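Coordinates from structure-v6.txt are shown below (compact mmCIF, C-alpha atoms).
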# COMPACT_ATOMS: atom_id res chain seq x y z
CA MET A 1 0.00 0.00 0.00
CA ASN A 2 1.29 3.44 -0.92
CA GLY A 3 0.21 6.90 0.20
CA THR A 4 -2.75 7.81 2.39
CA PRO A 5 -6.00 6.15 1.30
CA GLN A 6 -9.37 7.85 1.62
CA LEU A 7 -11.03 4.62 2.75
CA CYS A 8 -9.45 1.55 4.34
CA VAL A 9 -11.21 -1.80 4.56
CA VAL A 10 -10.56 -3.65 7.82
CA VAL A 11 -10.78 -7.46 8.02
CA VAL A 12 -10.26 -8.98 11.47
CA THR A 13 -9.23 -12.64 11.27
CA TRP A 14 -8.78 -15.61 13.54
CA ASN A 15 -8.14 -18.96 11.82
CA ASP A 16 -10.13 -17.82 8.79
CA ALA A 17 -7.71 -18.00 5.86
CA THR A 18 -10.16 -19.31 3.23
CA ARG A 19 -13.06 -17.02 4.07
CA ALA A 20 -10.77 -14.03 4.50
CA ALA A 21 -9.34 -14.61 1.03
CA ALA A 22 -12.86 -14.61 -0.44
CA ALA A 23 -13.64 -11.35 1.38
CA ILE A 24 -10.42 -9.75 0.13
CA ASP A 25 -11.01 -11.00 -3.41
CA SER A 26 -14.41 -9.28 -3.36
CA TYR A 27 -12.66 -6.04 -2.41
CA PHE A 28 -10.15 -6.24 -5.27
CA ALA A 29 -12.99 -7.07 -7.69
CA LEU A 30 -14.80 -3.80 -6.91
CA PRO A 31 -14.95 -1.48 -9.97
CA GLU A 32 -14.12 1.54 -7.79
CA VAL A 33 -10.99 -0.16 -6.42
CA GLN A 34 -9.87 -1.18 -9.89
CA ARG A 35 -10.41 2.35 -11.25
CA GLU A 36 -8.81 4.23 -8.35
CA PRO A 37 -6.67 1.81 -6.34
CA GLU A 38 -4.78 4.67 -4.67
CA ARG A 39 -8.02 5.82 -3.04
CA TYR A 40 -8.53 2.56 -1.14
CA ALA A 41 -6.56 0.22 1.08
CA LEU A 42 -7.12 -3.01 2.96
CA VAL A 43 -5.63 -4.10 6.28
CA VAL A 44 -5.95 -7.52 7.89
CA SER A 45 -5.82 -7.50 11.69
CA ASP A 46 -4.94 -11.06 12.62
CA ASN A 47 -5.69 -12.25 16.14
CA ASP A 48 -2.95 -14.87 16.45
CA SER A 49 -4.33 -17.38 13.94
CA HIS A 50 -2.82 -20.85 14.10
CA ASP A 51 -3.92 -21.96 10.63
CA GLY A 52 -1.39 -19.83 8.76
CA THR A 53 -3.89 -17.07 7.93
CA ALA A 54 -1.34 -14.24 8.11
CA GLU A 55 1.27 -16.11 6.08
CA SER A 56 -1.15 -17.31 3.41
CA LEU A 57 -2.68 -13.86 2.91
CA ARG A 58 0.75 -12.25 2.61
CA ALA A 59 1.75 -14.87 0.04
CA ARG A 60 -1.50 -14.40 -1.91
CA TYR A 61 -1.66 -10.59 -1.98
CA GLY A 62 1.88 -9.39 -1.27
CA GLN A 63 2.22 -5.63 -0.85
CA ARG A 64 -1.35 -4.98 -1.98
CA ILE A 65 -2.57 -5.43 1.61
CA LEU A 66 -1.18 -4.82 5.07
CA VAL A 67 -1.28 -7.67 7.59
CA VAL A 68 -1.05 -6.68 11.26
CA GLU A 69 -0.27 -9.58 13.61
CA ASN A 70 -1.65 -8.91 17.08
CA GLY A 71 0.12 -11.79 18.84
CA ALA A 72 -2.99 -12.83 20.77
CA ASN A 73 -6.70 -13.33 20.21
CA LEU A 74 -7.85 -9.84 21.22
CA GLY A 75 -11.42 -10.05 19.97
CA PHE A 76 -13.18 -8.10 17.24
CA GLY A 77 -13.20 -4.59 18.69
CA ALA A 78 -9.58 -4.64 19.79
CA GLY A 79 -8.58 -6.08 16.42
CA CYS A 80 -10.31 -3.15 14.70
CA ASN A 81 -8.59 -0.68 16.99
CA ARG A 82 -5.19 -2.10 16.01
CA ALA A 83 -6.09 -1.67 12.35
CA PHE A 84 -7.18 1.95 12.89
CA ALA A 85 -3.80 2.65 14.47
CA ALA A 86 -1.91 0.96 11.63
CA VAL A 87 -3.48 2.81 8.69
CA ASP A 88 -4.35 6.49 8.60
CA ALA A 89 -7.48 6.96 6.49
CA GLU A 90 -10.42 9.32 6.44
CA TYR A 91 -12.90 6.43 6.52
CA TYR A 92 -12.82 2.77 7.49
CA TYR A 93 -15.05 -0.06 6.33
CA LEU A 94 -15.29 -3.10 8.58
CA LEU A 95 -15.77 -6.31 6.63
CA ASN A 96 -16.21 -9.71 8.26
CA PRO A 97 -14.08 -12.54 6.87
CA ASP A 98 -17.35 -14.35 6.05
CA ALA A 99 -18.71 -11.35 4.11
CA GLN A 100 -18.14 -10.03 0.60
CA VAL A 101 -18.65 -6.49 -0.69
CA GLN A 102 -20.65 -5.99 -3.86
CA PRO A 103 -19.83 -3.60 -6.73
CA GLY A 104 -20.15 0.03 -5.71
CA ALA A 105 -20.34 -0.70 -1.97
CA LEU A 106 -17.39 1.51 -0.99
CA ARG A 107 -18.16 4.25 -3.50
CA ALA A 108 -21.70 4.44 -2.10
CA MET A 109 -20.34 4.93 1.41
CA LEU A 110 -18.02 7.75 0.34
CA ASP A 111 -20.89 9.45 -1.50
CA PHE A 112 -23.10 9.06 1.56
CA PHE A 113 -20.60 10.57 4.01
CA ALA A 114 -20.04 13.52 1.65
CA ARG A 115 -23.78 14.24 1.83
CA HIS A 116 -24.11 13.70 5.59
CA PRO A 117 -21.39 15.49 7.53
CA GLN A 118 -23.06 14.68 10.88
CA ALA A 119 -22.91 10.95 10.21
CA GLY A 120 -20.06 9.05 11.79
CA ILE A 121 -21.29 5.47 11.36
CA ALA A 122 -23.04 3.85 8.40
CA GLY A 123 -24.14 0.29 7.72
CA SER A 124 -24.50 -1.50 4.39
CA ARG A 125 -27.54 -3.44 3.28
CA VAL A 126 -26.52 -6.98 4.18
CA LEU A 127 -27.82 -9.97 2.23
CA ASN A 128 -27.73 -13.68 2.95
CA PRO A 129 -25.90 -15.84 0.39
CA ASP A 130 -29.25 -16.64 -1.25
CA GLY A 131 -29.94 -12.93 -1.77
CA SER A 132 -32.54 -12.53 0.98
CA ILE A 133 -32.34 -9.61 3.39
CA GLN A 134 -30.36 -10.08 6.57
CA GLU A 135 -31.37 -8.06 9.62
CA SER A 136 -28.60 -5.47 9.65
CA CYS A 137 -29.85 -2.44 11.58
CA GLY A 138 -31.83 -2.02 14.75
CA GLU A 139 -33.01 0.05 17.68
CA PHE A 140 -31.55 0.54 21.13
CA ASP A 141 -33.08 -1.72 23.75
CA THR A 142 -35.96 -0.81 25.97
CA TRP A 143 -36.65 -3.14 28.87
CA VAL A 144 -39.87 -4.46 27.34
CA GLY A 145 -38.32 -4.67 23.88
CA ALA A 146 -35.32 -6.62 25.19
CA PHE A 147 -37.59 -9.01 27.08
CA LEU A 148 -39.73 -9.70 24.04
CA ARG A 149 -36.75 -10.16 21.71
CA SER A 150 -35.14 -12.52 24.23
CA SER A 151 -38.23 -14.72 24.42
CA ALA A 152 -40.68 -16.36 22.05
CA TRP A 153 -43.31 -13.90 23.23
CA GLY A 154 -41.92 -11.31 20.85
CA GLU A 155 -43.20 -13.38 17.93
CA LEU A 156 -46.80 -13.41 19.15
CA PRO A 157 -48.87 -11.12 16.88
CA PRO A 158 -50.34 -8.99 19.70
CA LEU A 159 -46.86 -8.35 21.18
CA ARG A 160 -44.67 -8.30 18.06
CA ARG A 161 -44.94 -4.54 17.56
CA TYR A 162 -43.40 -3.93 20.98
CA ALA A 163 -40.32 -6.10 20.41
CA ASN A 164 -37.02 -4.34 19.91
CA GLY A 165 -36.38 -3.56 16.24
CA TYR A 166 -39.91 -4.32 15.02
CA ALA A 167 -40.43 -0.92 13.36
CA LEU A 168 -37.23 -1.28 11.35
CA ARG A 169 -38.01 -4.83 10.27
CA ALA A 170 -41.54 -3.85 9.28
CA GLY A 171 -40.30 -0.80 7.37
CA GLY A 172 -38.04 -2.80 5.09
CA TYR A 173 -34.49 -2.23 3.95
CA ASP A 174 -34.96 -0.28 0.76
CA ARG A 175 -34.42 3.33 1.84
CA GLU A 176 -31.63 5.39 3.35
CA ARG A 177 -32.46 6.36 6.92
CA ARG A 178 -31.08 7.22 10.30
CA VAL A 179 -31.07 4.29 12.72
CA ASP A 180 -29.80 3.46 16.19
CA ILE A 181 -27.62 0.45 15.34
CA VAL A 182 -25.91 -1.17 12.35
CA ILE A 183 -24.07 -4.49 12.48
CA GLY A 184 -20.29 -4.73 12.39
CA ALA A 185 -20.17 -7.27 9.55
CA ALA A 186 -20.31 -4.43 6.99
CA MET A 187 -19.98 -1.08 8.73
CA ALA A 188 -18.31 2.19 7.70
CA LEU A 189 -16.81 4.67 10.17
CA ARG A 190 -15.56 8.22 9.87
CA ARG A 191 -12.10 8.59 11.42
CA SER A 192 -13.08 11.73 13.33
CA ALA A 193 -15.91 9.76 14.95
CA ILE A 194 -13.52 6.96 15.94
CA GLN A 195 -11.22 9.52 17.53
CA ARG A 196 -14.02 11.14 19.50
CA LEU A 197 -15.26 7.76 20.70
CA GLY A 198 -11.83 6.35 21.49
CA GLY A 199 -12.48 3.38 19.21
CA PHE A 200 -14.21 0.21 20.31
CA ASP A 201 -14.50 -0.67 23.98
CA GLU A 202 -12.06 -3.58 24.15
CA ARG A 203 -13.85 -5.13 27.13
CA PHE A 204 -16.31 -6.50 24.56
CA PHE A 205 -14.59 -9.56 23.10
CA LEU A 206 -17.11 -10.61 20.47
CA TYR A 207 -20.68 -9.35 19.91
CA GLN A 208 -22.34 -6.12 21.08
CA GLU A 209 -19.18 -4.05 20.57
CA GLU A 210 -20.76 -2.27 17.60
CA VAL A 211 -23.98 -1.73 19.56
CA ASP A 212 -21.94 -0.15 22.35
CA LEU A 213 -20.13 2.03 19.80
CA CYS A 214 -23.41 3.21 18.27
CA LYS A 215 -24.86 3.89 21.72
CA ARG A 216 -21.87 6.01 22.73
CA ALA A 217 -21.97 7.77 19.36
CA ALA A 218 -25.61 8.71 19.86
CA GLY A 219 -24.70 10.17 23.25
CA LEU A 220 -22.22 12.49 21.52
CA GLY A 221 -24.61 13.49 18.74
CA ILE A 222 -22.82 11.36 16.12
CA GLU A 223 -25.37 9.98 13.69
CA THR A 224 -25.69 6.34 12.58
CA TRP A 225 -27.31 5.60 9.22
CA PHE A 226 -28.42 2.68 7.09
CA VAL A 227 -27.21 2.97 3.48
CA PRO A 228 -28.98 0.45 1.18
CA THR A 229 -26.98 1.39 -1.92
CA SER A 230 -23.91 -0.14 -0.28
CA ILE A 231 -24.40 -3.90 -0.36
CA ALA A 232 -22.52 -6.84 1.17
CA LEU A 233 -23.19 -10.57 1.29
CA HIS A 234 -22.75 -12.13 4.71
CA GLU A 235 -22.62 -15.84 5.40
CA GLY A 236 -23.33 -15.49 9.12
CA MET A 237 -22.11 -18.03 11.67
CA GLY A 238 -18.98 -18.16 9.55
CA SER A 239 -16.63 -17.77 12.47
CA ALA A 240 -13.94 -20.30 13.16
CA ILE A 241 -15.29 -20.79 16.68
CA SER A 242 -18.01 -23.28 17.60
CA ARG A 243 -21.70 -22.47 17.88
CA GLY A 244 -21.50 -23.08 21.63
CA ALA A 245 -18.72 -20.52 21.97
CA VAL A 246 -20.66 -18.07 19.80
CA GLU A 247 -23.67 -18.31 22.11
CA ARG A 248 -21.49 -17.81 25.18
CA HIS A 249 -19.92 -14.71 23.66
CA LYS A 250 -23.34 -13.38 22.68
CA ARG A 251 -24.67 -13.79 26.22
CA ALA A 252 -21.54 -12.23 27.72
CA GLY A 253 -21.71 -9.30 25.27
CA ARG A 254 -25.39 -8.63 25.99
CA ARG A 255 -24.79 -8.79 29.73
CA ARG A 256 -21.88 -6.34 29.55
CA TYR A 257 -23.81 -3.97 27.29
CA TRP A 258 -26.97 -4.00 29.40
CA ILE A 259 -25.10 -3.44 32.65
CA LYS A 260 -22.89 -0.72 31.14
CA HIS A 261 -25.71 1.31 29.60
CA HIS A 262 -28.73 0.42 31.76
CA GLY A 263 -27.32 -0.60 35.12
CA ARG A 264 -27.39 -3.76 37.21
CA LEU A 265 -30.96 -3.29 38.46
CA TRP A 266 -32.25 -3.13 34.85
CA TYR A 267 -30.24 -6.20 33.89
CA TYR A 268 -31.14 -8.35 36.90
CA ALA A 269 -34.81 -7.43 36.62
CA LEU A 270 -34.74 -8.54 32.97
CA SER A 271 -32.94 -11.78 33.88
CA ALA A 272 -35.49 -12.49 36.62
CA ALA A 273 -38.38 -11.87 34.22
CA LEU A 274 -36.92 -14.30 31.71
CA VAL A 275 -36.59 -16.95 34.42
CA VAL A 276 -40.19 -16.36 35.56
CA ARG A 277 -41.26 -16.86 31.95
CA TYR A 278 -40.08 -20.48 32.16
CA ALA A 279 -42.02 -20.94 35.40
CA LEU A 280 -45.16 -19.75 33.62
CA TYR A 281 -44.55 -22.35 30.92
CA ALA A 282 -44.17 -25.03 33.59
CA VAL A 283 -47.62 -24.45 35.16
CA PRO A 284 -49.77 -25.56 32.18
CA LEU A 285 -47.34 -28.37 31.40
CA ALA A 286 -47.61 -29.67 34.95
CA GLY A 287 -51.38 -29.42 34.77
CA ALA A 288 -51.49 -31.30 31.49
CA ALA A 289 -49.21 -34.01 32.90
CA LEU A 290 -51.47 -34.40 35.94
CA LEU A 291 -54.57 -34.71 33.78
CA LEU A 292 -52.86 -37.27 31.57
CA ARG A 293 -51.76 -39.26 34.57
CA ARG A 294 -55.28 -39.35 35.95
CA ALA A 295 -56.66 -40.34 32.58
CA LEU A 296 -54.20 -43.20 32.24
CA GLY A 297 -54.93 -44.25 35.81
CA ARG A 298 -58.53 -44.89 34.92

Starting from the coordinates I provided, produce the structure as structure tokens.
Amino acid sequence: MNGTPQLCVVVVTWNDATRAAAAIDSYFALPEVQREPERYALVVSDNDSHDGTAESLRARYGQRILVVENGANLGFGAGCNRAFAAVDAEYYYLLNPDAQVQPGALRAMLDFFARHPQAGIAGSRVLNPDGSIQESCGEFDTWVGAFLRSSAWGELPPLRRYANGYALRAGGYDRERRVDIVIGAAMALRRSAIQRLGGFDERFFLYQEEVDLCKRAAGLGIETWFVPTSIALHEGMGSAISRGAVERHKRAGRRRYWIKHHGRLWYYALSAALVVRYALYAVPLAGAALLLRRALGR
């Protein structure tokens, strides 16, 4: 990489050589990158992969990318922070190793930021591999909304409208709009916003770090937007870690976020309500079992 790029793509890796190569290939295939390569750059922030990710990517792309080796598995947010420190750019675009940018995705982000000087964070329209829409923006939690989204009750028609994120899901993903949250799989950031926020909170290892960033940004008056003209495909669950580990990190991330931004009373009240929900399920089940037992006894 030569000079100072306007936009730098950041790919954080951990034992993800094959997927990361597909993500990077999608970047080099972009028409805007091919037309103006000096305007863009790509940095891989490798969290101590043991599958040869760093070595294989260097061998495949040479000087066309920068590979930063972190020496330990720091997590997603910390990996991004290391990339921000390594490359000085006006904008950054976070791209998961299991995601691929589509033609015009980066150009659309630069055009968007030029039109919205108050915006510091922007999310792409994210599609599943089959082309269907992936939920990629959302609303900050309310207590009721978090409870409904964390339980099956949020899918009941009378309650669905109160679940967190319902208005965004119902409104579709076809128009540019200001939102509370965008997902980190395909997210653009203005460098000045990163500097004001101090980057990601590195206490979040995996999951909820982008929600925390958006929440802190909103507190400073930094706008977050959804930009549908910038498109990325995202496999989802493409991490090198197991599903069990993913769920543990999700729970830990939610707990840290809720306590940080809402307090322990809010969090423990929500946890208690979710436990009580199971008790409510148990009552009719116990009644049905008793009736069945009596019926069989006859």

With all atoms listed in the file as the counted atoms, please give the residues lying no more than 8 Å from His50 in chain A, apart from itself and same-chain residues fewer than 3 positions off, as a ChimeraX atom specification.
/A:14-15,53

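Closest approach to Gln100 in chain A from the set A:Pro5, A:Gly79, A:Gly244, A:Gly236 is made by A:Gly236, with distances taken over only C-alpha atoms.
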
Would you be able to write out as a count of residues only which residues have an atom within 8 Å of (-7.1, -4.5, 5.3) in the file's coordinates, counting only C-alpha atoms?
13

Residues near Ser271 in chain A, anyone? I mean within 10 Å using all atoms listed in the file, not counting same-chain ones fewer than 4 positions away, as a PyMOL selection string.
chain A and resi 147+150+255+265-267+275-277

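Taking all atoms listed in the file into account, Ala188 in chain A lies nearest to A:Glu90 out of the set A:Asp174, A:Asp16, A:Glu90, A:Asp141.
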
What does the distance from CA of Arg107 in chain A to CA of Ala217 in chain A come to in Å, to one decimal?
23.4 Å

Range 4-118 of chain A residues near range 123-129 of chain A within 9 Å, closest pair each, using all atoms listed in the file, as a Markdown table:
| residue | atom | partner | partner_atom | distance |
| --- | --- | --- | --- | --- |
| A:Ala99 | CA | A:Val126 | CA | 8.9 |
| A:Ala105 | CA | A:Ser124 | CA | 7.6 |
| A:Met109 | CA | A:Ser124 | CA | 8.2 |

At a cut-off of 12 Å, using all atoms listed in the file, what residues contact Phe226 in chain A? Leave out same-chain residues fewer than 2 positions from it and give the result as a CSV table (one decimal) with C-alpha atoms, in the coordinates of the input.
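Contents of the output file part.csv:
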chain,number,residue,atom,x,y,z
A,108,ALA,CA,-21.7,4.4,-2.1
A,109,MET,CA,-20.3,4.9,1.4
A,112,PHE,CA,-23.1,9.1,1.6
A,113,PHE,CA,-20.6,10.6,4.0
A,116,HIS,CA,-24.1,13.7,5.6
A,119,ALA,CA,-22.9,11.0,10.2
A,120,GLY,CA,-20.1,9.0,11.8
A,121,ILE,CA,-21.3,5.5,11.4
A,122,ALA,CA,-23.0,3.8,8.4
A,123,GLY,CA,-24.1,0.3,7.7
A,124,SER,CA,-24.5,-1.5,4.4
A,125,ARG,CA,-27.5,-3.4,3.3
A,126,VAL,CA,-26.5,-7.0,4.2
A,135,GLU,CA,-31.4,-8.1,9.6
A,136,SER,CA,-28.6,-5.5,9.6
A,137,CYS,CA,-29.8,-2.4,11.6
A,138,GLY,CA,-31.8,-2.0,14.8
A,139,GLU,CA,-33.0,0.0,17.7
A,168,LEU,CA,-37.2,-1.3,11.4
A,172,GLY,CA,-38.0,-2.8,5.1
A,173,TYR,CA,-34.5,-2.2,4.0
A,174,ASP,CA,-35.0,-0.3,0.8
A,175,ARG,CA,-34.4,3.3,1.8
A,176,GLU,CA,-31.6,5.4,3.4
A,177,ARG,CA,-32.5,6.4,6.9
A,178,ARG,CA,-31.1,7.2,10.3
A,179,VAL,CA,-31.1,4.3,12.7
A,180,ASP,CA,-29.8,3.5,16.2
A,181,ILE,CA,-27.6,0.4,15.3
A,182,VAL,CA,-25.9,-1.2,12.4
A,183,ILE,CA,-24.1,-4.5,12.5
A,186,ALA,CA,-20.3,-4.4,7.0
A,187,MET,CA,-20.0,-1.1,8.7
A,188,ALA,CA,-18.3,2.2,7.7
A,223,GLU,CA,-25.4,10.0,13.7
A,224,THR,CA,-25.7,6.3,12.6
A,228,PRO,CA,-29.0,0.4,1.2
A,229,THR,CA,-27.0,1.4,-1.9
A,230,SER,CA,-23.9,-0.1,-0.3
A,231,ILE,CA,-24.4,-3.9,-0.4

Point out the residue among A:Ile133, A:Val246, A:Leu220, A:Ala21 with the least atom-to-atom distance to Tyr61 in chain A, counting only C-alpha atoms.
A:Ala21

Please, which residues are within 12 Å of (-23.8, -7.1, 23.4) by the file's coordinates, counting only C-alpha atoms, and could they come as number ranges by chain?
A: 77, 140-141, 146, 181, 183-184, 201, 203-215, 246-261

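For the residues A:Leu270, A:Cys80, A:Ala22, A:Val68, ranking by smallest atom-to-atom distance to Val144 in chain A using all atoms listed in the file places A:Leu270 first.
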
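Remark: for Asp25 in chain A, the closest of the candidate residues A:Pro97, A:Gly145, A:Gly219, A:Gly199 is A:Pro97 (distances computed over all atoms listed in the file).
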
Surrounding residues of Asp130 in chain A excluding itself and chain neighbours under 6 positions, 10 Å, only C-alpha atoms, as an MDAnalysis selection string:
chainID A and resid 233:235

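With CA of Leu7 in chain A on one side and CA of Leu189 in chain A on the other, the separation reads 9.4 Å.
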
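As for CA of Asp48 in chain A and CA of Ala72 in chain A, they are spaced 4.8 Å apart.
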
What lies within 7 Å of Arg191 in chain A using all atoms listed in the file, ignoring chain neighbours under 3 positions off, as a PDB file with C-alpha atoms, keeping the file's coordinate frame?
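Below you can see out.pdb, which holds the result:
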ATOM      1  CA  ALA A  89      -7.480   6.960   6.490  1.00  0.00           C
ATOM      2  CA  GLU A  90     -10.420   9.320   6.440  1.00  0.00           C
ATOM      3  CA  TYR A  91     -12.900   6.430   6.520  1.00  0.00           C
ATOM      4  CA  ILE A 194     -13.520   6.960  15.940  1.00  0.00           C
ATOM      5  CA  GLN A 195     -11.220   9.520  17.530  1.00  0.00           C
TER       6      GLN A 195
END

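Nearest residue to Glu202 in chain A among A:Tyr93, A:Phe76, A:Phe84, A:Phe28 is A:Phe76, counting all atoms listed in the file.
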
Since the input lacks atoms, please generate N, CA and C atoms for range 241-269 of chain A and provide them as a PDB file, in the coordinates of the input.
ATOM      1  N   ILE A 241     -14.962 -20.216  15.385  1.00  0.00           N
ATOM      2  CA  ILE A 241     -15.290 -20.790  16.680  1.00  0.00           C
ATOM      3  C   ILE A 241     -16.585 -21.575  16.599  1.00  0.00           C
ATOM      4  N   SER A 242     -16.842 -22.410  17.604  1.00  0.00           N
ATOM      5  CA  SER A 242     -18.010 -23.280  17.600  1.00  0.00           C
ATOM      6  C   SER A 242     -19.283 -22.503  17.904  1.00  0.00           C
ATOM      7  N   ARG A 243     -20.422 -23.115  17.592  1.00  0.00           N
ATOM      8  CA  ARG A 243     -21.700 -22.470  17.880  1.00  0.00           C
ATOM      9  C   ARG A 243     -21.873 -22.263  19.382  1.00  0.00           C
ATOM     10  N   GLY A 244     -21.407 -23.223  20.181  1.00  0.00           N
ATOM     11  CA  GLY A 244     -21.500 -23.080  21.630  1.00  0.00           C
ATOM     12  C   GLY A 244     -20.733 -21.878  22.120  1.00  0.00           C
ATOM     13  N   ALA A 245     -19.530 -21.677  21.581  1.00  0.00           N
ATOM     14  CA  ALA A 245     -18.720 -20.520  21.970  1.00  0.00           C
ATOM     15  C   ALA A 245     -19.367 -19.229  21.495  1.00  0.00           C
ATOM     16  N   VAL A 246     -19.971 -19.253  20.311  1.00  0.00           N
ATOM     17  CA  VAL A 246     -20.660 -18.070  19.800  1.00  0.00           C
ATOM     18  C   VAL A 246     -21.770 -17.649  20.750  1.00  0.00           C
ATOM     19  N   GLU A 247     -22.572 -18.622  21.201  1.00  0.00           N
ATOM     20  CA  GLU A 247     -23.670 -18.310  22.110  1.00  0.00           C
ATOM     21  C   GLU A 247     -23.154 -17.773  23.442  1.00  0.00           C
ATOM     22  N   ARG A 248     -22.066 -18.321  23.919  1.00  0.00           N
ATOM     23  CA  ARG A 248     -21.490 -17.810  25.180  1.00  0.00           C
ATOM     24  C   ARG A 248     -21.026 -16.364  25.021  1.00  0.00           C
ATOM     25  N   HIS A 249     -20.379 -16.080  23.895  1.00  0.00           N
ATOM     26  CA  HIS A 249     -19.920 -14.710  23.660  1.00  0.00           C
ATOM     27  C   HIS A 249     -21.100 -13.755  23.484  1.00  0.00           C
ATOM     28  N   LYS A 250     -22.154 -14.216  22.841  1.00  0.00           N
ATOM     29  CA  LYS A 250     -23.340 -13.380  22.680  1.00  0.00           C
ATOM     30  C   LYS A 250     -23.943 -13.031  24.037  1.00  0.00           C
ATOM     31  N   ARG A 251     -24.091 -14.036  24.888  1.00  0.00           N
ATOM     32  CA  ARG A 251     -24.670 -13.790  26.220  1.00  0.00           C
ATOM     33  C   ARG A 251     -23.780 -12.845  27.028  1.00  0.00           C
ATOM     34  N   ALA A 252     -22.464 -13.086  26.969  1.00  0.00           N
ATOM     35  CA  ALA A 252     -21.540 -12.230  27.720  1.00  0.00           C
ATOM     36  C   ALA A 252     -21.573 -10.789  27.202  1.00  0.00           C
ATOM     37  N   GLY A 253     -21.660 -10.638  25.862  1.00  0.00           N
ATOM     38  CA  GLY A 253     -21.710  -9.300  25.270  1.00  0.00           C
ATOM     39  C   GLY A 253     -22.982  -8.566  25.660  1.00  0.00           C
ATOM     40  N   ARG A 254     -24.123  -9.268  25.602  1.00  0.00           N
ATOM     41  CA  ARG A 254     -25.390  -8.630  25.990  1.00  0.00           C
ATOM     42  C   ARG A 254     -25.364  -8.215  27.456  1.00  0.00           C
ATOM     43  N   ARG A 255     -24.846  -9.105  28.306  1.00  0.00           N
ATOM     44  CA  ARG A 255     -24.790  -8.790  29.730  1.00  0.00           C
ATOM     45  C   ARG A 255     -23.931  -7.544  29.974  1.00  0.00           C
ATOM     46  N   ARG A 256     -22.770  -7.496  29.358  1.00  0.00           N
ATOM     47  CA  ARG A 256     -21.880  -6.340  29.550  1.00  0.00           C
ATOM     48  C   ARG A 256     -22.536  -5.066  29.029  1.00  0.00           C
ATOM     49  N   TYR A 257     -23.168  -5.157  27.866  1.00  0.00           N
ATOM     50  CA  TYR A 257     -23.810  -3.970  27.290  1.00  0.00           C
ATOM     51  C   TYR A 257     -24.948  -3.489  28.181  1.00  0.00           C
ATOM     52  N   TRP A 258     -25.823  -4.399  28.584  1.00  0.00           N
ATOM     53  CA  TRP A 258     -26.970  -4.000  29.400  1.00  0.00           C
ATOM     54  C   TRP A 258     -26.540  -3.384  30.722  1.00  0.00           C
ATOM     55  N   ILE A 259     -25.563  -3.987  31.379  1.00  0.00           N
ATOM     56  CA  ILE A 259     -25.100  -3.440  32.650  1.00  0.00           C
ATOM     57  C   ILE A 259     -24.415  -2.085  32.433  1.00  0.00           C
ATOM     58  N   LYS A 260     -23.612  -1.961  31.400  1.00  0.00           N
ATOM     59  CA  LYS A 260     -22.890  -0.720  31.140  1.00  0.00           C
ATOM     60  C   LYS A 260     -23.842   0.441  30.864  1.00  0.00           C
ATOM     61  N   HIS A 261     -24.862   0.206  30.053  1.00  0.00           N
ATOM     62  CA  HIS A 261     -25.710   1.310  29.600  1.00  0.00           C
ATOM     63  C   HIS A 261     -27.043   1.420  30.349  1.00  0.00           C
ATOM     64  N   HIS A 262     -27.447   0.375  31.055  1.00  0.00           N
ATOM     65  CA  HIS A 262     -28.730   0.420  31.760  1.00  0.00           C
ATOM     66  C   HIS A 262     -28.612   0.189  33.260  1.00  0.00           C
ATOM     67  N   GLY A 263     -27.502  -0.368  33.695  1.00  0.00           N
ATOM     68  CA  GLY A 263     -27.320  -0.600  35.120  1.00  0.00           C
ATOM     69  C   GLY A 263     -27.673  -2.021  35.547  1.00  0.00           C
ATOM     70  N   ARG A 264     -27.186  -2.388  36.720  1.00  0.00           N
ATOM     71  CA  ARG A 264     -27.390  -3.760  37.210  1.00  0.00           C
ATOM     72  C   ARG A 264     -28.850  -4.042  37.555  1.00  0.00           C
ATOM     73  N   LEU A 265     -29.562  -3.065  38.110  1.00  0.00           N
ATOM     74  CA  LEU A 265     -30.960  -3.290  38.460  1.00  0.00           C
ATOM     75  C   LEU A 265     -31.767  -3.640  37.218  1.00  0.00           C
ATOM     76  N   TRP A 266     -31.561  -2.875  36.129  1.00  0.00           N
ATOM     77  CA  TRP A 266     -32.250  -3.130  34.850  1.00  0.00           C
ATOM     78  C   TRP A 266     -31.939  -4.533  34.365  1.00  0.00           C
ATOM     79  N   TYR A 267     -30.662  -4.897  34.402  1.00  0.00           N
ATOM     80  CA  TYR A 267     -30.240  -6.200  33.890  1.00  0.00           C
ATOM     81  C   TYR A 267     -30.802  -7.345  34.734  1.00  0.00           C
ATOM     82  N   TYR A 268     -30.676  -7.251  36.056  1.00  0.00           N
ATOM     83  CA  TYR A 268     -31.140  -8.350  36.900  1.00  0.00           C
ATOM     84  C   TYR A 268     -32.654  -8.478  36.893  1.00  0.00           C
ATOM     85  N   ALA A 269     -33.361  -7.357  36.746  1.00  0.00           N
ATOM     86  CA  ALA A 269     -34.810  -7.430  36.620  1.00  0.00           C
ATOM     87  C   ALA A 269     -35.204  -8.142  35.332  1.00  0.00           C
TER      88      ALA A 269
END
